[in-house]
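Take a look at the structure below.
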Amino acid sequence: MKKHRLLHVLYTGDLAGAEVCVKMLVANMDKSSFDNSVCFLYELGVVGEQIQCLGIPVFNFGMKHGFHFAGALRFLKFIVTKKFDLIHFHAPNVLTILMGRMVCNKVIYHVHNSGKSDGLRRFFLKMLFSFFDKIIAVSCDSKNNFQQTYSILFIKISIVYNTIDTKRFDL
């Protein structure tokens with residue numbers, strides 16, 4: 001059976017919720033079925049180093065800001081070369097999302113906050129979110145806020161709770 005090639009995209013490898021979520025995800029996925037890679041758009045950070053220690057391929061594109069074209073072109077070359085089956089975005093970067101959509105068959109976005117924004121940012125994000133095949137929210141509240149803010153169909157948004165699986169521990 002062919003392994004599914006997945007790319008997880010984050011801004012940085014700073015010690016924060018989305019980064020730790022990705023670290024736990026790639027550490028615990030079935031390695032016989034999934035070939036994970038993680039890329040950081042801005043900097044590797046401590047979580048990036050921890051993921052490297054797990055033997056997961058990690059890439060850093062050294063982008064300086066959201067519209068850093070040289071970094072975005074490096075990202076494009078990378079995803080064209082690697083031919084991922086799915087790109088899992090944890091960071092709403094305009095250029096990389098557009099490139100990911102052009103190159104990869106499946107792209108999803110993971111909302112790690114309330115999803116609220118306003119003004120020009122809201123306009124661009126609403127446009128970007130239409131490119132995703134699926135959006136993952138971390139709570140019912142996050143899903144509702146996201147749907148109301150960006151007018152996204154409920155069917156396109158799934159909930160995956162960021163919680164501890166108490167069944168794995170004797171409590």
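In the structure tokens, each chain is lettered A, B, ... as it comes, each chain's residues begin at 1, and ligands are numbered from 1 in order of appearance.
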Exercise for review: Once DSSP has gone over the backbone, tell me which residues of range 66-158 of chain A are in strand (DSSP E), as a PyMOL selection string.
Suggested key: chain A and resi 86-89+106-111+134-137+157-158
**Study point:** Contacts of Glu19 in chain A within 7 Å, only C-alpha atoms, excl. fewer than 5 positions in-chain, as a PyMOL selection string
**Key:** chain A and resi 13-14+47
Just write the chosen residues, N, CA and C atoms, as an mmCIF file, in the first residue's frame.
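Result file follows (selection20.cif):
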```cif
data_model
loop_
_atom_site.group_PDB
_atom_site.id
_atom_site.type_symbol
_atom_site.label_atom_id
_atom_site.label_comp_id
_atom_site.auth_asym_id
_atom_site.auth_seq_id
_atom_site.Cartn_x
_atom_site.Cartn_y
_atom_site.Cartn_z
ATOM 1 N N GLY A 13 8.320 27.616 14.659
ATOM 2 C CA GLY A 13 8.405 26.483 15.563
ATOM 3 C C GLY A 13 8.453 26.924 17.009
ATOM 4 N N ASP A 14 7.888 28.097 17.298
ATOM 5 C CA ASP A 14 7.815 28.565 18.684
ATOM 6 C C ASP A 14 6.943 27.612 19.492
ATOM 7 N N VAL A 47 10.214 23.843 18.717
ATOM 8 C CA VAL A 47 9.341 22.731 18.314
ATOM 9 C C VAL A 47 9.846 22.108 17.013
#
```
With 12 Å as the cut-off and only C-alpha atoms counted, what is the closest atom pair between each nearby residue of range 104-161 of chain A and range 92-98 of chain A? Distances in Å to one decimal, ordered by chain and number, as CSV.
```
residue,atom,partner,partner_atom,distance
A:Cys104,CA,A:Leu98,CA,10.1
A:Lys106,CA,A:Ile97,CA,11.4
A:Val107,CA,A:Ile97,CA,8.4
A:Ile108,CA,A:Ile97,CA,9.7
A:Tyr109,CA,A:Pro92,CA,7.9
A:His110,CA,A:Pro92,CA,9.2
A:Val111,CA,A:Pro92,CA,9.2
A:His112,CA,A:Pro92,CA,10.9
A:Asn113,CA,A:Pro92,CA,11.9
A:Gly115,CA,A:Pro92,CA,10.6
A:Arg121,CA,A:Val94,CA,10.4
A:Arg122,CA,A:Pro92,CA,11.3
A:Phe123,CA,A:Val94,CA,11.7
A:Phe124,CA,A:Val94,CA,7.9
A:Leu125,CA,A:Pro92,CA,7.4
A:Lys126,CA,A:Pro92,CA,10.6
A:Met127,CA,A:Val94,CA,9.5
A:Leu128,CA,A:Val94,CA,6.9
A:Phe129,CA,A:Pro92,CA,8.6
A:Ser130,CA,A:Ile97,CA,10.8
A:Phe131,CA,A:Leu98,CA,7.8
A:Phe132,CA,A:Ile97,CA,8.7
A:Asp133,CA,A:Ile97,CA,11.9
A:Ile135,CA,A:Pro92,CA,11.6
```
Saved selection, atoms kept: C-alpha atoms, as a tab-separated table (two decimals), in the first residue's frame:
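Below is the file that was written, result02.tsv:
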```tsv
chain	number	residue	atom	x	y	z
A	104	CYS	CA	-1.63	19.82	-4.48
A	106	LYS	CA	-6.05	18.32	-1.35
A	107	VAL	CA	-5.50	21.25	1.01
A	108	ILE	CA	-6.98	21.72	4.46
A	109	TYR	CA	-6.75	24.47	7.06
A	110	HIS	CA	-6.68	23.99	10.82
A	111	VAL	CA	-8.18	26.87	12.83
A	112	HIS	CA	-6.38	27.08	16.18
A	113	ASN	CA	-8.22	30.18	17.45
A	115	GLY	CA	-11.01	32.82	13.63
A	121	ARG	CA	-7.49	40.92	6.56
A	122	ARG	CA	-11.02	39.51	6.81
A	123	PHE	CA	-11.58	40.12	3.09
A	124	PHE	CA	-8.40	38.27	2.08
A	125	LEU	CA	-8.98	35.43	4.53
A	126	LYS	CA	-12.54	34.93	3.28
A	127	MET	CA	-11.15	34.59	-0.24
A	128	LEU	CA	-8.40	32.21	0.90
A	129	PHE	CA	-10.68	29.95	2.87
A	130	SER	CA	-12.68	29.22	-0.26
A	131	PHE	CA	-9.59	27.39	-1.62
A	132	PHE	CA	-9.61	24.72	1.10
A	133	ASP	CA	-11.19	21.32	0.69
A	135	ILE	CA	-11.41	23.35	7.48
```
Practice item. Considering only C-alpha atoms, return as a ChimeraX atom specification whatever protein or nucleic-acid residues lie within 10 Å of Val160 in chain A, sequence-local ones (same chain, fewer than 5 positions apart) excluded. Key: /A:110-111,136-140
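The interatomic distance for the pair CA of Lys23 in chain A and CA of Ala91 in chain A works out to 15.0 Å.
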Hey, which bits of range 52-76 of chain A sit within 6 Å of range 24-43 of chain A, and for each residue what's the closest pair of atoms and how far apart in Å (one decimal), counting only C-alpha atoms, rows by chain and increasing number, as JSON lines?
```
{"residue": "A:Pro57", "atom": "CA", "partner": "A:Ser37", "partner_atom": "CA", "distance": 5.0}
{"residue": "A:Val58", "atom": "CA", "partner": "A:Val38", "partner_atom": "CA", "distance": 4.9}
{"residue": "A:Phe59", "atom": "CA", "partner": "A:Cys39", "partner_atom": "CA", "distance": 4.5}
{"residue": "A:Asn60", "atom": "CA", "partner": "A:Phe40", "partner_atom": "CA", "distance": 4.8}
{"residue": "A:Phe61", "atom": "CA", "partner": "A:Leu41", "partner_atom": "CA", "distance": 5.0}
{"residue": "A:Gly62", "atom": "CA", "partner": "A:Tyr42", "partner_atom": "CA", "distance": 4.6}
{"residue": "A:Met63", "atom": "CA", "partner": "A:Tyr42", "partner_atom": "CA", "distance": 4.7}
```
Quick one: write out the picked residues with N, CA and C atoms as a tab-separated table (two decimals), in the first residue's frame?
```
chain	number	residue	atom	x	y	z
A	57	PRO	N	11.05	14.73	8.66
A	57	PRO	CA	11.69	15.77	7.85
A	57	PRO	C	11.10	17.15	8.14
A	58	VAL	N	11.97	18.12	8.40
A	58	VAL	CA	11.57	19.49	8.73
A	58	VAL	C	12.25	20.44	7.76
A	59	PHE	N	11.50	21.43	7.29
A	59	PHE	CA	12.02	22.41	6.33
A	59	PHE	C	11.68	23.81	6.80
A	60	ASN	N	12.60	24.75	6.57
A	60	ASN	CA	12.40	26.14	6.97
A	60	ASN	C	12.60	27.01	5.73
A	61	PHE	N	11.64	27.87	5.44
A	61	PHE	CA	11.70	28.69	4.24
A	61	PHE	C	12.18	30.12	4.49
A	62	GLY	N	12.40	30.48	5.74
A	62	GLY	CA	13.00	31.77	6.06
A	62	GLY	C	12.27	32.99	5.52
A	63	MET	N	10.96	32.91	5.45
A	63	MET	CA	10.20	34.06	4.97
A	63	MET	C	10.30	35.20	5.98
```
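Candidate residues A:Leu44, A:Leu6, A:Ile157, A:Met99 were compared for distance to Lys134 in chain A, and the nearest is A:Ile157, using only C-alpha atoms.
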